[in-house]
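So this one's entry.csv, CSV, C-alpha atoms:
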```csv
chain,number,residue,atom,x,y,z
A,1,MET,CA,-8.2,-1.9,-66.6
A,2,GLU,CA,-9.4,0.9,-64.3
A,3,ASP,CA,-11.4,3.8,-65.7
A,4,PHE,CA,-9.0,6.6,-64.9
A,5,LYS,CA,-9.7,10.2,-66.0
A,6,ASP,CA,-6.5,12.2,-65.7
A,7,ALA,CA,-2.7,11.9,-65.8
A,8,LYS,CA,-2.4,11.4,-62.0
A,9,SER,CA,-4.8,8.5,-61.9
A,10,PHE,CA,-3.0,7.1,-65.1
A,11,LEU,CA,0.3,7.2,-63.3
A,12,GLU,CA,-1.2,5.6,-60.2
A,13,TYR,CA,-2.5,2.8,-62.4
A,14,CYS,CA,0.9,2.3,-64.0
A,15,THR,CA,2.6,2.3,-60.6
A,16,GLN,CA,0.2,-0.2,-59.0
A,17,HIS,CA,0.6,-2.6,-61.9
A,18,PHE,CA,4.3,-2.0,-62.7
A,19,GLY,CA,6.0,-5.1,-63.9
A,20,ARG,CA,2.7,-6.7,-64.9
A,21,LEU,CA,1.8,-4.5,-67.9
A,22,ASN,CA,2.9,-5.4,-71.4
A,23,LYS,CA,3.3,-3.0,-74.4
A,24,LYS,CA,-0.3,-3.6,-75.4
A,25,ASP,CA,-1.6,-2.8,-71.9
A,26,TYR,CA,0.3,0.5,-72.0
A,27,GLU,CA,-0.9,1.4,-75.4
A,28,LEU,CA,-4.5,0.9,-74.4
A,29,ALA,CA,-4.0,2.8,-71.1
A,30,VAL,CA,-2.5,5.8,-73.0
A,31,PHE,CA,-5.2,5.7,-75.6
A,32,HIS,CA,-7.9,5.6,-72.9
A,33,LEU,CA,-6.3,8.6,-71.2
A,34,LEU,CA,-6.2,10.5,-74.5
A,35,LEU,CA,-9.9,9.8,-75.1
A,36,GLN,CA,-10.7,11.3,-71.7
A,37,ASN,CA,-8.8,14.4,-72.5
A,38,GLU,CA,-7.1,15.8,-75.7
A,39,LEU,CA,-9.0,13.4,-78.0
A,40,LYS,CA,-12.3,13.5,-76.1
A,41,ASP,CA,-14.4,15.2,-78.8
A,42,CYS,CA,-12.4,14.1,-81.9
A,43,SER,CA,-13.7,11.9,-84.7
A,44,ASP,CA,-12.0,8.7,-85.6
A,45,PHE,CA,-10.6,10.5,-88.7
A,46,ALA,CA,-9.2,13.4,-86.6
A,47,ILE,CA,-7.6,10.9,-84.2
A,48,SER,CA,-6.0,8.9,-87.0
A,49,ARG,CA,-4.4,12.1,-88.4
A,50,LYS,CA,-3.3,13.3,-85.0
A,51,LEU,CA,-1.8,9.9,-83.9
A,52,LYS,CA,-0.7,9.0,-87.5
A,53,ILE,CA,-2.4,5.6,-87.4
A,54,THR,CA,-5.1,4.2,-89.6
A,55,GLU,CA,-8.8,5.0,-88.9
A,56,ALA,CA,-9.3,1.2,-88.7
A,57,LYS,CA,-6.7,1.1,-85.9
A,58,VAL,CA,-8.5,3.9,-84.1
A,59,LYS,CA,-11.8,1.9,-84.2
A,60,GLN,CA,-10.0,-1.2,-83.0
A,61,LEU,CA,-8.3,0.6,-80.1
A,62,ARG,CA,-11.7,2.1,-79.0
A,63,TYR,CA,-13.2,-1.3,-79.0
A,64,GLU,CA,-10.3,-3.0,-77.1
A,65,VAL,CA,-10.3,-0.2,-74.5
A,66,ASN,CA,-14.0,-0.8,-73.8
A,67,LEU,CA,-13.3,-4.5,-73.6
A,68,VAL,CA,-10.8,-4.2,-70.8
A,69,ILE,CA,-12.5,-1.4,-68.8
A,70,GLU,CA,-15.0,-2.7,-66.3
A,71,LYS,CA,-18.4,-1.2,-67.1
A,72,ASN,CA,-21.9,-2.4,-66.4
A,73,ASP,CA,-25.1,-1.9,-68.4
A,74,SER,CA,-26.0,1.3,-66.5
A,75,ASP,CA,-22.7,2.8,-67.6
A,76,TYR,CA,-23.3,2.0,-71.2
A,77,ARG,CA,-26.9,3.1,-71.0
A,78,GLU,CA,-25.8,6.5,-69.6
A,79,GLU,CA,-23.3,6.8,-72.4
A,80,LEU,CA,-26.0,5.9,-75.0
A,81,MET,CA,-28.3,8.5,-73.5
A,82,GLN,CA,-25.6,11.2,-73.7
A,83,LEU,CA,-24.9,10.3,-77.3
A,84,MET,CA,-28.6,10.3,-78.2
A,85,SER,CA,-29.1,13.6,-76.6
A,86,THR,CA,-26.4,15.3,-78.7
A,87,ALA,CA,-26.7,13.2,-81.9
A,88,SER,CA,-27.6,14.6,-85.3
A,89,TYR,CA,-30.6,12.8,-86.5
A,90,LYS,CA,-31.6,12.2,-90.1
A,91,PHE,CA,-35.0,10.8,-91.3
A,92,ALA,CA,-35.0,7.9,-93.7
A,93,ASP,CA,-37.3,5.4,-95.4
A,94,GLY,CA,-39.9,8.0,-96.2
A,95,GLY,CA,-39.9,9.3,-92.6
A,96,LYS,CA,-40.5,5.9,-91.1
A,97,LYS,CA,-37.1,5.5,-89.6
A,98,ILE,CA,-34.5,7.8,-88.1
A,99,GLN,CA,-30.7,7.5,-88.4
A,100,PHE,CA,-27.8,8.7,-86.2
A,101,CYS,CA,-24.1,8.0,-85.9
A,102,VAL,CA,-22.6,5.7,-83.2
A,103,ASN,CA,-18.8,5.6,-83.8
A,104,ASP,CA,-18.1,3.6,-80.7
A,105,LYS,CA,-18.3,-0.1,-81.6
A,106,MET,CA,-18.9,-1.3,-78.1
A,107,LEU,CA,-21.7,1.3,-77.6
A,108,ARG,CA,-23.2,0.2,-81.0
A,109,LEU,CA,-23.1,-3.4,-79.9
A,110,PHE,CA,-24.8,-2.5,-76.6
A,111,LEU,CA,-27.5,-0.7,-78.5
A,112,ASN,CA,-28.1,-3.7,-80.7
A,113,ASP,CA,-28.1,-6.0,-77.7
A,114,GLN,CA,-30.8,-3.8,-76.1
A,115,LEU,CA,-32.9,-4.0,-79.2
A,116,ASN,CA,-32.3,-7.7,-79.6
A,117,GLN,CA,-33.8,-8.2,-76.2
A,118,ILE,CA,-37.1,-6.8,-77.5
A,119,GLY,CA,-36.9,-8.8,-80.7
A,120,SER,CA,-35.7,-6.0,-82.9
A,121,PHE,CA,-32.5,-4.7,-84.3
A,122,ALA,CA,-30.8,-1.5,-85.7
A,123,ASP,CA,-30.0,-1.5,-89.4
A,124,SER,CA,-26.4,-0.6,-90.1
A,125,SER,CA,-26.1,-2.3,-93.5
A,126,PHE,CA,-25.2,0.8,-95.4
A,127,ASN,CA,-22.6,2.1,-93.0
A,128,SER,CA,-21.5,0.3,-89.8
A,129,ASN,CA,-21.3,3.6,-87.9
A,130,ILE,CA,-24.8,4.7,-88.9
A,131,VAL,CA,-27.8,3.0,-87.1
A,132,SER,CA,-31.3,3.2,-88.4
A,133,VAL,CA,-34.2,2.6,-86.1
A,134,THR,CA,-38.0,2.9,-86.0
A,135,ALA,CA,-39.9,5.2,-83.6
A,136,LYS,CA,-40.8,2.3,-81.3
A,137,ASP,CA,-37.2,1.1,-81.1
A,138,LEU,CA,-36.0,4.6,-80.3
A,139,LEU,CA,-38.7,5.1,-77.8
A,140,PHE,CA,-37.8,1.9,-76.0
A,141,LEU,CA,-34.1,2.8,-76.0
A,142,LEU,CA,-34.9,6.2,-74.5
A,143,GLY,CA,-37.3,4.8,-71.9
A,144,ALA,CA,-35.6,1.6,-70.9
A,145,ASP,CA,-34.3,3.2,-67.7
A,146,LYS,CA,-37.1,5.2,-66.1
A,147,HIS,CA,-39.9,3.3,-67.6
A,148,ALA,CA,-38.5,-0.2,-67.5
A,149,ASP,CA,-41.6,-1.9,-66.2
A,150,THR,CA,-43.9,-0.4,-68.8
A,151,VAL,CA,-41.4,-1.0,-71.6
A,152,LYS,CA,-41.1,-4.7,-70.5
A,153,LYS,CA,-44.8,-5.2,-70.6
A,154,ILE,CA,-45.2,-3.6,-74.0
A,155,ASN,CA,-42.2,-5.5,-75.4
A,156,GLN,CA,-43.7,-8.8,-74.1
A,157,SER,CA,-47.0,-8.0,-75.6
A,158,LEU,CA,-45.3,-7.2,-79.0
A,159,ARG,CA,-43.6,-10.5,-78.9
A,160,ASP,CA,-46.7,-12.4,-77.9
A,161,ASN,CA,-48.8,-10.6,-80.6
A,162,ALA,CA,-46.6,-10.4,-83.6
A,163,ASN,CA,-49.4,-9.2,-85.9
A,164,ASP,CA,-51.3,-7.2,-83.5
A,165,LEU,CA,-51.1,-5.3,-80.2
A,166,PRO,CA,-54.0,-5.4,-77.6
A,167,LYS,CA,-55.9,-2.2,-77.1
A,168,ASP,CA,-54.7,-1.7,-73.6
A,169,MET,CA,-51.1,-2.1,-74.7
A,170,ARG,CA,-51.6,0.3,-77.6
A,171,SER,CA,-52.8,2.8,-75.0
A,172,LYS,CA,-49.8,2.1,-72.8
A,173,LEU,CA,-47.5,2.6,-75.9
A,174,SER,CA,-49.2,5.9,-76.7
A,175,SER,CA,-48.9,7.1,-73.1
A,176,LEU,CA,-45.3,6.0,-72.9
A,177,ALA,CA,-44.4,8.0,-76.0
A,178,LYS,CA,-45.9,11.2,-74.5
A,179,SER,CA,-44.3,10.6,-71.1
A,180,ILE,CA,-40.8,9.9,-72.5
A,181,THR,CA,-40.8,12.7,-75.1
A,182,LYS,CA,-42.0,15.1,-72.4
A,183,ASP,CA,-39.1,14.1,-70.2
A,184,LEU,CA,-36.6,14.5,-73.1
A,185,ALA,CA,-38.0,17.8,-74.4
A,186,SER,CA,-35.0,19.8,-73.2
A,187,LYS,CA,-32.4,17.2,-74.2
A,188,ILE,CA,-33.4,16.0,-77.7
A,189,SER,CA,-34.5,18.3,-80.5
A,190,PRO,CA,-38.3,18.8,-80.9
A,191,ASN,CA,-38.3,17.4,-84.4
A,192,VAL,CA,-37.2,14.1,-83.1
A,193,THR,CA,-39.5,13.9,-80.1
A,194,ASP,CA,-42.4,15.1,-82.2
A,195,TRP,CA,-41.6,12.5,-84.8
A,196,ILE,CA,-41.7,9.7,-82.1
A,197,GLU,CA,-45.1,10.8,-81.0
A,198,GLU,CA,-46.5,11.1,-84.5
A,199,GLN,CA,-45.1,7.7,-85.6
A,200,ILE,CA,-46.4,6.0,-82.4
A,201,GLN,CA,-49.8,7.6,-82.8
A,202,GLU,CA,-49.9,6.5,-86.5
A,203,TYR,CA,-49.1,3.0,-85.4
A,204,VAL,CA,-51.8,3.0,-82.7
A,205,ASN,CA,-54.4,4.5,-85.1
A,206,LYS,CA,-53.5,1.9,-87.8
A,207,LYS,CA,-54.1,-1.0,-85.3
A,208,ASP,CA,-57.4,0.6,-84.2
A,209,LYS,CA,-58.7,0.8,-87.8
A,210,GLN,CA,-57.8,-2.8,-88.4
A,211,LYS,CA,-60.2,-3.9,-85.6
```

Output the structure of this file as structure tokens.
Amino acid sequence: MEDFKDAKSFLEYCTQHFGRLNKKDYELAVFHLLLQNELKDCSDFAISRKLKITEAKVKQLRYEVNLVIEKNDSDYREELMQLMSTASYKFADGGKKIQFCVNDKMLRLFLNDQLNQIGSFADSSFNSNIVSVTAKDLLFLLGADKHADTVKKINQSLRDNANDLPKDMRSKLSSLAKSITKDLASKISPNVTDWIEEQIQEYVNKKDKQK
């Protein structure tokens, strides 16, 4: 399904595919159109009340829409960055982790896939919509685009040295934290960027003391 944004493009899509769309196709197309407009900033609960369907149905429709719309990793990464720049963060596990809400199942799966690629994961055991990540994980998610090469080298070193991180990589990790949080200073709240730097520095200092 094409990623249309307004009623005109929706009608063009229906006209171009007339006779080949079934009831489910139309339902997903209409729901996608609503998400781009009237329901754009609505929660799943608000949508369920407005459309008079269960919240579980709303979540499933969101997921199915994302399955049929052609998107690549850069599209999902942009959506993830937009979400993380406006998310409400909550500190957990004694300040060692941070939590934020990702209602979109496909985006949540993409986030987990990105973390899986660096040998990590986001904890959603308490609530499937709430993800809990460490400072390193959040840093890598935020810097996977602009700082891809550095992130890749650090990730590889973390995998190769499960119980340690070479000094040069610790230095790169510290520099990466400062660079990314500086770039994001105007997008993400200072308490989050400061937390990332503090947690990364604590990690680096801990490794230095173990030497």

Proximity to Gln199 in chain A - best of A:Val102, A:Leu184, A:Cys42, A:Leu173, only C-alpha atoms: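 Closest to Gln199 in chain A of all the choices is A:Leu173.
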
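Picture a line from CA of Ile118 in chain A to CA of Ile196 in chain A; it runs 17.7 Å.
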
Shell of 10 Å around Asp93 in chain A, all atoms listed in the file, local chain residues under 6 positions omitted, as a list in words: Gln99, Ser132 and Thr134 of chain A

Atom pair CA of Asp145 in chain A / CA of Glu78 in chain A: separation (Å):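 CA of Glu78 in chain A lies at a distance of 9.3 Å from CA of Asp145 in chain A.
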
Test item: residues at most 9 Å from Asn155 in chain A, only C-alpha atoms, excluding those fewer than 6 positions along its chain, as number ranges by chain: A: 117-119, 140

Close residues, Glu70 in chain A itself excluded, 8 Å, all atoms listed in the file, min 4 positions apart in chain, as a list in words: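 My reading of the contact set: Met1, Glu2, Asp3 and Asn66 of chain A.
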
Shell around Tyr13 in chain A at 12 Å using only C-alpha atoms, local window under 6 positions removed, as a compact mmCIF listing (two decimals) with C-alpha atoms, in the frame of the given file:
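Okay, part09.txt is ready:
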```txt
# COMPACT_ATOMS: atom_id res chain seq x y z
CA MET A 1 -8.20 -1.90 -66.60
CA GLU A 2 -9.40 0.90 -64.30
CA ASP A 3 -11.40 3.80 -65.70
CA PHE A 4 -9.00 6.60 -64.90
CA LYS A 5 -9.70 10.20 -66.00
CA ASP A 6 -6.50 12.20 -65.70
CA ALA A 7 -2.70 11.90 -65.80
CA GLY A 19 6.00 -5.10 -63.90
CA ARG A 20 2.70 -6.70 -64.90
CA LEU A 21 1.80 -4.50 -67.90
CA ASP A 25 -1.60 -2.80 -71.90
CA TYR A 26 0.30 0.50 -72.00
CA ALA A 29 -4.00 2.80 -71.10
CA VAL A 30 -2.50 5.80 -73.00
CA LEU A 33 -6.30 8.60 -71.20
```

Closest of A:Asp183, A:Asp149, A:Asp137, A:Glu55 to Ile200 in chain A - atom-to-atom distances counting all atoms listed in the file: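 Of A:Asp183, A:Asp149, A:Asp137, A:Glu55, the one nearest Ile200 in chain A is A:Asp137, counting all atoms listed in the file.
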
Point-to-point distance from CA of Phe126 in chain A to CA of Ala92 in chain A, Å rounded to tenths: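 Interatomic distance here is 12.2 Å.
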
Best match for closeness to Leu67 in chain A among A:Ala185, A:Val131, A:Leu109, A:Lys146, counting all atoms listed in the file: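 Of A:Ala185, A:Val131, A:Leu109, A:Lys146, the one nearest Leu67 in chain A is A:Leu109, counting all atoms listed in the file.
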
Sorted per-residue table, range 70-110 of chain A near range 43-48 of chain A, closest atoms and distance, 12 Å, only C-alpha atoms, as a Markdown table:
```
| residue | atom | partner | partner_atom | distance |
| --- | --- | --- | --- | --- |
| A:Cys101 | CA | A:Ser43 | CA | 11.2 |
| A:Val102 | CA | A:Ser43 | CA | 10.9 |
| A:Asn103 | CA | A:Asp44 | CA | 7.7 |
| A:Asp104 | CA | A:Asp44 | CA | 9.3 |
| A:Lys105 | CA | A:Asp44 | CA | 11.5 |
```

Who sits within 10 Å of Leu28 in chain A, only C-alpha atoms, same chain under 6 positions skipped, as an MDAnalysis selection string: chainID A and resid 1 34 61:62 64:66 68

Nearest to Gln60 in chain A by atom-to-atom distance, counting all atoms listed in the file, from A:Ile98, A:Met106, A:Leu80, A:Met169: A:Met106

From A:Met84, A:Asp41, A:Leu165, A:Asp123, residue lying nearest Thr193 in chain A [all atoms listed in the file]: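 Ranking A:Met84, A:Asp41, A:Leu165, A:Asp123 by distance to Thr193 in chain A, first place goes to A:Met84.
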
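Checking A:Leu115, A:Tyr63, A:Lys52, A:Pro190 one by one against His32 in chain A, counting all atoms listed in the file, you find the shortest gap at A:Tyr63.
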
Please reconstruct the missing atoms of range 55-78 of chain A (target: N, CA, C and O atoms) and return them as a short mmCIF file (atom, residue, chain, number, x, y, z; two decimals), in the frame of the given file.
```cif
data_model
loop_
_atom_site.label_atom_id
_atom_site.label_comp_id
_atom_site.auth_asym_id
_atom_site.auth_seq_id
_atom_site.Cartn_x
_atom_site.Cartn_y
_atom_site.Cartn_z
N GLU A 55 -7.49 4.80 -89.54
CA GLU A 55 -8.80 5.00 -88.90
C GLU A 55 -9.29 3.60 -88.38
O GLU A 55 -9.95 3.53 -87.34
N ALA A 56 -8.95 2.53 -89.11
CA ALA A 56 -9.30 1.20 -88.70
C ALA A 56 -8.67 0.86 -87.34
O ALA A 56 -9.26 0.21 -86.46
N LYS A 57 -7.42 1.31 -87.17
CA LYS A 57 -6.70 1.10 -85.90
C LYS A 57 -7.35 1.85 -84.78
O LYS A 57 -7.44 1.34 -83.65
N VAL A 58 -7.81 3.06 -85.07
CA VAL A 58 -8.50 3.90 -84.10
C VAL A 58 -9.75 3.15 -83.58
O VAL A 58 -10.00 3.04 -82.37
N LYS A 59 -10.54 2.65 -84.52
CA LYS A 59 -11.80 1.90 -84.20
C LYS A 59 -11.47 0.70 -83.33
O LYS A 59 -12.18 0.41 -82.36
N GLN A 60 -10.41 -0.01 -83.70
CA GLN A 60 -10.00 -1.20 -83.00
C GLN A 60 -9.58 -0.89 -81.55
O GLN A 60 -9.92 -1.59 -80.59
N LEU A 61 -8.81 0.20 -81.41
CA LEU A 61 -8.30 0.60 -80.10
C LEU A 61 -9.53 1.02 -79.20
O LEU A 61 -9.56 0.69 -78.01
N ARG A 62 -10.48 1.74 -79.77
CA ARG A 62 -11.70 2.10 -79.00
C ARG A 62 -12.37 0.87 -78.48
O ARG A 62 -12.76 0.81 -77.31
N TYR A 63 -12.52 -0.10 -79.36
CA TYR A 63 -13.20 -1.30 -79.00
C TYR A 63 -12.45 -2.10 -77.90
O TYR A 63 -13.03 -2.57 -76.92
N GLU A 64 -11.13 -2.21 -78.06
CA GLU A 64 -10.30 -3.00 -77.10
C GLU A 64 -10.28 -2.26 -75.74
O GLU A 64 -10.26 -2.93 -74.70
N VAL A 65 -10.27 -0.93 -75.74
CA VAL A 65 -10.30 -0.20 -74.50
C VAL A 65 -11.59 -0.50 -73.73
O VAL A 65 -11.59 -0.75 -72.52
N ASN A 66 -12.70 -0.52 -74.46
CA ASN A 66 -14.00 -0.80 -73.80
C ASN A 66 -14.07 -2.25 -73.33
O ASN A 66 -14.81 -2.54 -72.39
N LEU A 67 -13.34 -3.14 -73.98
CA LEU A 67 -13.30 -4.50 -73.60
C LEU A 67 -12.65 -4.74 -72.21
O LEU A 67 -13.07 -5.57 -71.39
N VAL A 68 -11.57 -3.99 -71.97
CA VAL A 68 -10.80 -4.20 -70.80
C VAL A 68 -11.22 -3.31 -69.59
O VAL A 68 -10.86 -3.58 -68.44
N ILE A 69 -11.98 -2.25 -69.86
CA ILE A 69 -12.50 -1.40 -68.80
C ILE A 69 -13.74 -2.00 -68.21
O ILE A 69 -14.65 -2.38 -68.96
N GLU A 70 -13.81 -2.10 -66.91
CA GLU A 70 -15.00 -2.70 -66.30
C GLU A 70 -16.15 -1.71 -66.26
O GLU A 70 -16.11 -0.67 -65.61
N LYS A 71 -17.19 -2.07 -67.02
CA LYS A 71 -18.40 -1.20 -67.10
C LYS A 71 -19.61 -2.16 -67.01
O LYS A 71 -19.58 -3.30 -67.49
N ASN A 72 -20.68 -1.66 -66.41
CA ASN A 72 -21.90 -2.40 -66.40
C ASN A 72 -22.94 -1.81 -67.33
O ASN A 72 -22.67 -0.78 -67.95
N ASP A 73 -24.11 -2.42 -67.41
CA ASP A 73 -25.10 -1.90 -68.40
C ASP A 73 -25.54 -0.50 -68.08
O ASP A 73 -25.81 0.26 -69.02
N SER A 74 -25.59 -0.11 -66.82
CA SER A 74 -26.00 1.30 -66.50
C SER A 74 -25.00 2.27 -67.02
O SER A 74 -25.38 3.38 -67.44
N ASP A 75 -23.70 1.91 -67.03
CA ASP A 75 -22.70 2.80 -67.60
C ASP A 75 -22.89 3.00 -69.08
O ASP A 75 -22.84 4.13 -69.59
N TYR A 76 -23.11 1.88 -69.78
CA TYR A 76 -23.30 2.00 -71.20
C TYR A 76 -24.64 2.68 -71.55
O TYR A 76 -24.73 3.42 -72.52
N ARG A 77 -25.66 2.46 -70.72
CA ARG A 77 -26.90 3.10 -71.00
C ARG A 77 -26.80 4.62 -70.79
O ARG A 77 -27.39 5.39 -71.55
N GLU A 78 -26.01 5.04 -69.81
CA GLU A 78 -25.80 6.50 -69.60
C GLU A 78 -25.03 7.07 -70.79
O GLU A 78 -25.37 8.16 -71.26
#
```
